[in-house]
Amino acid sequence: MKIAVLCGGLSNERDVSISSGTCIARALRERGHAVALIDLFLGCESEGGVDGLFTSEERDDAFSVAEAAPDLAQVRAMRPGQGLIGPGVMEACSAADIVFLALHGDEGENGKLQAVLDVHGVRYTGSGYLGSALAMDKSLTKTVLSQAGIRMPGGVTVHKNQKPYDNPGFPCVVKPCSGGSSVGTTIVHGPEEYAAALELAFRYEDSVIAETYIAGRELTVGVLDGKAMPVIEIIPKSGFYDYKNKYQPGMTVELCPAPITEAETANVQRLAEETYRALRLEAYGRVDFIMDADGVCWCLEANTLPGFTPTSLVPQMGVAMGLSYGELCERLIAASLKKYE
C-alpha cells in the first residue's frame with residue numbers, strides 16, 4: 001500500500017508524535033509498504049514530486065523524546081505566519097491509499113483534522129471527527145460517559161476568565177481540558193497548591209478540569225476493532241505517570257498482562273469496550289482507569305490516537321497478543337479501512 005504517516009504538528013506532544021511517526025514509518029516500510037513520513041506543520045517537498053515522497057527514507061531514524069515538552073515558539077518560527085497544515089501535505093495525503101495518523105494532542109485528536117480529511121475524501125486511521133472531539137474534550141467525555149453509566153471521578157470545569165474558581169475539594173487532579181501526555185497536570189493537596197496548579201494548566205488552555213483524586217492502581221486497556229486488548233498496569237518508580245515518566249526509558253514499570261484477577265480483567269476490559277462505544281470511537285483507541293482499594297474501576301479518559309513510541313503501551317499489548325509492531329500497525333490500518341467499506 002501507499003501510506004502517508006502524519007506526525008509532528010504544533011501540539012505539546014509534538015516530539016512524542018514524531019517518535020511515533022518514525023517508528024510506524026520504519027515498521028511499515030519493513031512490511032513492504034511505500035511510506036511517506038510527513039510533518040503536518042512543516043509540510044513536505046520532494047524533487048521527485050508527490051510520488052517521490054513515498055520512496056524516500058529521510059527522517060526514518062529513531063527520534064528520542066526529551067524530558068520536557070517542546071518549545072512550540074521555535075517550531076512556529078520555522079514557518080511563520082502560516083496555518084496548521086504545511087505545504088504539500090494535502091497533496092501527499094490525497095495520493096496515499098490511507099493516511100496513518102501518528103499525531104497526538106489537540107490538533108491531531110480533536111476532530112478538526114479528521115473533518116478536513118473527510119471533506120477531501122482522504123482515508124485515515126482511527127476515529128472520525130465526532131468520536132475524536134468527544135474523547136479529546138474531557139468535559140464532554142464526562143457528560144457522555146456519565147449518561148452511559150460509566151463511573152468517572154467527580155469534578156468541575158474551571159474557565160480562566162470566570163472567577164472565583166470552583167474546586168472539587170482536596171486532594172484533586174488539575175489538568176487542561178483537552179490536553180494529553182499529562183502536560184500541565186498536577187496532583188493538588190490544598191488551596192495554595194490549587195492556585196499554582198491552575199496557573200500552570202491555564203498556560204496550555206483556557207478551560208481546565210479539576211477532579212477528585214482517586215488513589216489506586218493505574219490500568220490501561222487498548223481497544224482494537226471494538227474488542228479489548230490485554231490490560232497493562234502502570235507503576236511509576238517515582239511521582240505519578242507524568243510526561244517524563246511516560247517517555248523516558250526506565251522511569252516506569254509496565255506489567256502486561258496486569259497482575260489482577262480474571263474477574264477484574266474481564267470487568268476493566270468490558271468497561272473499556274463500553275467507553276469506546278459510548279464515545280463513538282472507531283478502529284482503535286486506549287482507555288485509562290484507576291482501580292481503587294475496593295476493586296472499583298474509575299475511567300479517567302480515552303485516547304483516540306495512543307502513542308506508538310518505543311515506550312508506548314498499545315504496542316506492548318500487541319506483543320502480548322502475539323503481534324509484532326509492524327503487524328499491529330497493519331491491523332490498525334485494516335480496522336480503519338472498515339469505515340470506508
# chains A, B, ... in the order shown; residues from 1 in each chain; ligands from 1

call {"tool": "residues_around", "arguments": {"residues": "Arg217 in chain A", "least_positions_apart": "6", "cutoff": "8 Å", "atoms": "only C-alpha atoms", "output": "list in words"}}
result
Glu233, Ile234, Ile235, Ile290, Met291 and Asp292 of chain A

call {"tool": "residues_around", "arguments": {"residues": "Met136 in chain A", "least_positions_apart": "5", "cutoff": "9 Å", "atoms": "only C-alpha atoms", "output": "VMD selection string"}}
result
chain A and resid 105 to 106 109 to 111 131 141 177 to 180 301 to 304

call {"tool": "residues_around", "arguments": {"residues": "Ala196 in chain A", "least_positions_apart": "5", "cutoff": "12 Å", "atoms": "only C-alpha atoms", "output": "ChimeraX atom specification"}}
result
/A:174-175,184-191,201-203

call {"tool": "write_last_selection", "arguments": {"atoms": "N, CA and C atoms", "output": "PDB file, in the first residue's frame"}}
result
ATOM      1  N   VAL A 174      -5.592  18.458  38.685  1.00  0.00           N
ATOM      2  CA  VAL A 174      -5.870  19.588  37.793  1.00  0.00           C
ATOM      3  C   VAL A 174      -5.153  19.335  36.468  1.00  0.00           C
ATOM      4  N   LYS A 175      -5.904  19.470  35.371  1.00  0.00           N
ATOM      5  CA  LYS A 175      -5.295  19.214  34.057  1.00  0.00           C
ATOM      6  C   LYS A 175      -6.031  19.997  32.976  1.00  0.00           C
ATOM      7  N   GLY A 184       0.968  19.799  31.863  1.00  0.00           N
ATOM      8  CA  GLY A 184       0.175  20.748  32.632  1.00  0.00           C
ATOM      9  C   GLY A 184      -0.673  20.134  33.723  1.00  0.00           C
ATOM     10  N   THR A 185      -0.409  18.879  34.064  1.00  0.00           N
ATOM     11  CA  THR A 185      -1.203  18.162  35.070  1.00  0.00           C
ATOM     12  C   THR A 185      -0.509  18.185  36.423  1.00  0.00           C
ATOM     13  N   THR A 186      -1.296  18.400  37.499  1.00  0.00           N
ATOM     14  CA  THR A 186      -0.759  18.460  38.859  1.00  0.00           C
ATOM     15  C   THR A 186      -1.707  17.746  39.814  1.00  0.00           C
ATOM     16  N   ILE A 187      -1.145  16.990  40.752  1.00  0.00           N
ATOM     17  CA  ILE A 187      -1.930  16.446  41.872  1.00  0.00           C
ATOM     18  C   ILE A 187      -1.854  17.469  43.001  1.00  0.00           C
ATOM     19  N   VAL A 188      -3.012  17.899  43.485  1.00  0.00           N
ATOM     20  CA  VAL A 188      -3.118  19.030  44.413  1.00  0.00           C
ATOM     21  C   VAL A 188      -3.627  18.565  45.770  1.00  0.00           C
ATOM     22  N   HIS A 189      -3.015  19.085  46.836  1.00  0.00           N
ATOM     23  CA  HIS A 189      -3.389  18.676  48.186  1.00  0.00           C
ATOM     24  C   HIS A 189      -4.008  19.801  49.023  1.00  0.00           C
ATOM     25  N   GLY A 190      -3.999  21.037  48.528  1.00  0.00           N
ATOM     26  CA  GLY A 190      -4.569  22.132  49.304  1.00  0.00           C
ATOM     27  C   GLY A 190      -4.739  23.385  48.469  1.00  0.00           C
ATOM     28  N   PRO A 191      -5.335  24.437  49.053  1.00  0.00           N
ATOM     29  CA  PRO A 191      -5.674  25.658  48.311  1.00  0.00           C
ATOM     30  C   PRO A 191      -4.481  26.353  47.658  1.00  0.00           C
ATOM     31  N   ALA A 201      -1.880  24.957  34.413  1.00  0.00           N
ATOM     32  CA  ALA A 201      -2.773  24.402  33.399  1.00  0.00           C
ATOM     33  C   ALA A 201      -3.275  25.461  32.436  1.00  0.00           C
ATOM     34  N   PHE A 202      -3.512  26.687  32.947  1.00  0.00           N
ATOM     35  CA  PHE A 202      -4.002  27.769  32.092  1.00  0.00           C
ATOM     36  C   PHE A 202      -2.946  28.249  31.085  1.00  0.00           C
ATOM     37  N   ARG A 203      -1.704  27.848  31.270  1.00  0.00           N
ATOM     38  CA  ARG A 203      -0.684  28.180  30.262  1.00  0.00           C
ATOM     39  C   ARG A 203      -0.971  27.440  28.950  1.00  0.00           C
TER      40      ARG A 203
END

call {"tool": "residues_around", "arguments": {"residues": "Tyr340 in chain A", "least_positions_apart": "3", "cutoff": "10 Å", "atoms": "only C-alpha atoms", "output": "PDB file with C-alpha atoms, in the first residue's frame"}}
result
ATOM      1  CA  ARG A 123      -8.984   7.817   4.171  1.00  0.00           C
ATOM      2  CA  TYR A 124      -7.218   7.792   7.544  1.00  0.00           C
ATOM      3  CA  SER A 336      -9.634   1.676   9.950  1.00  0.00           C
ATOM      4  CA  LEU A 337     -10.420   0.724   6.346  1.00  0.00           C
TER       5      LEU A 337
END

call {"tool": "select_by_dssp", "arguments": {"residues": "range 59-247 of chain A", "states": "strand (DSSP E)", "output": "VMD selection string"}}
result
chain A and resid 98 to 101 155 to 159 172 to 176 186 to 188 207 to 212 217 to 224 227 to 236
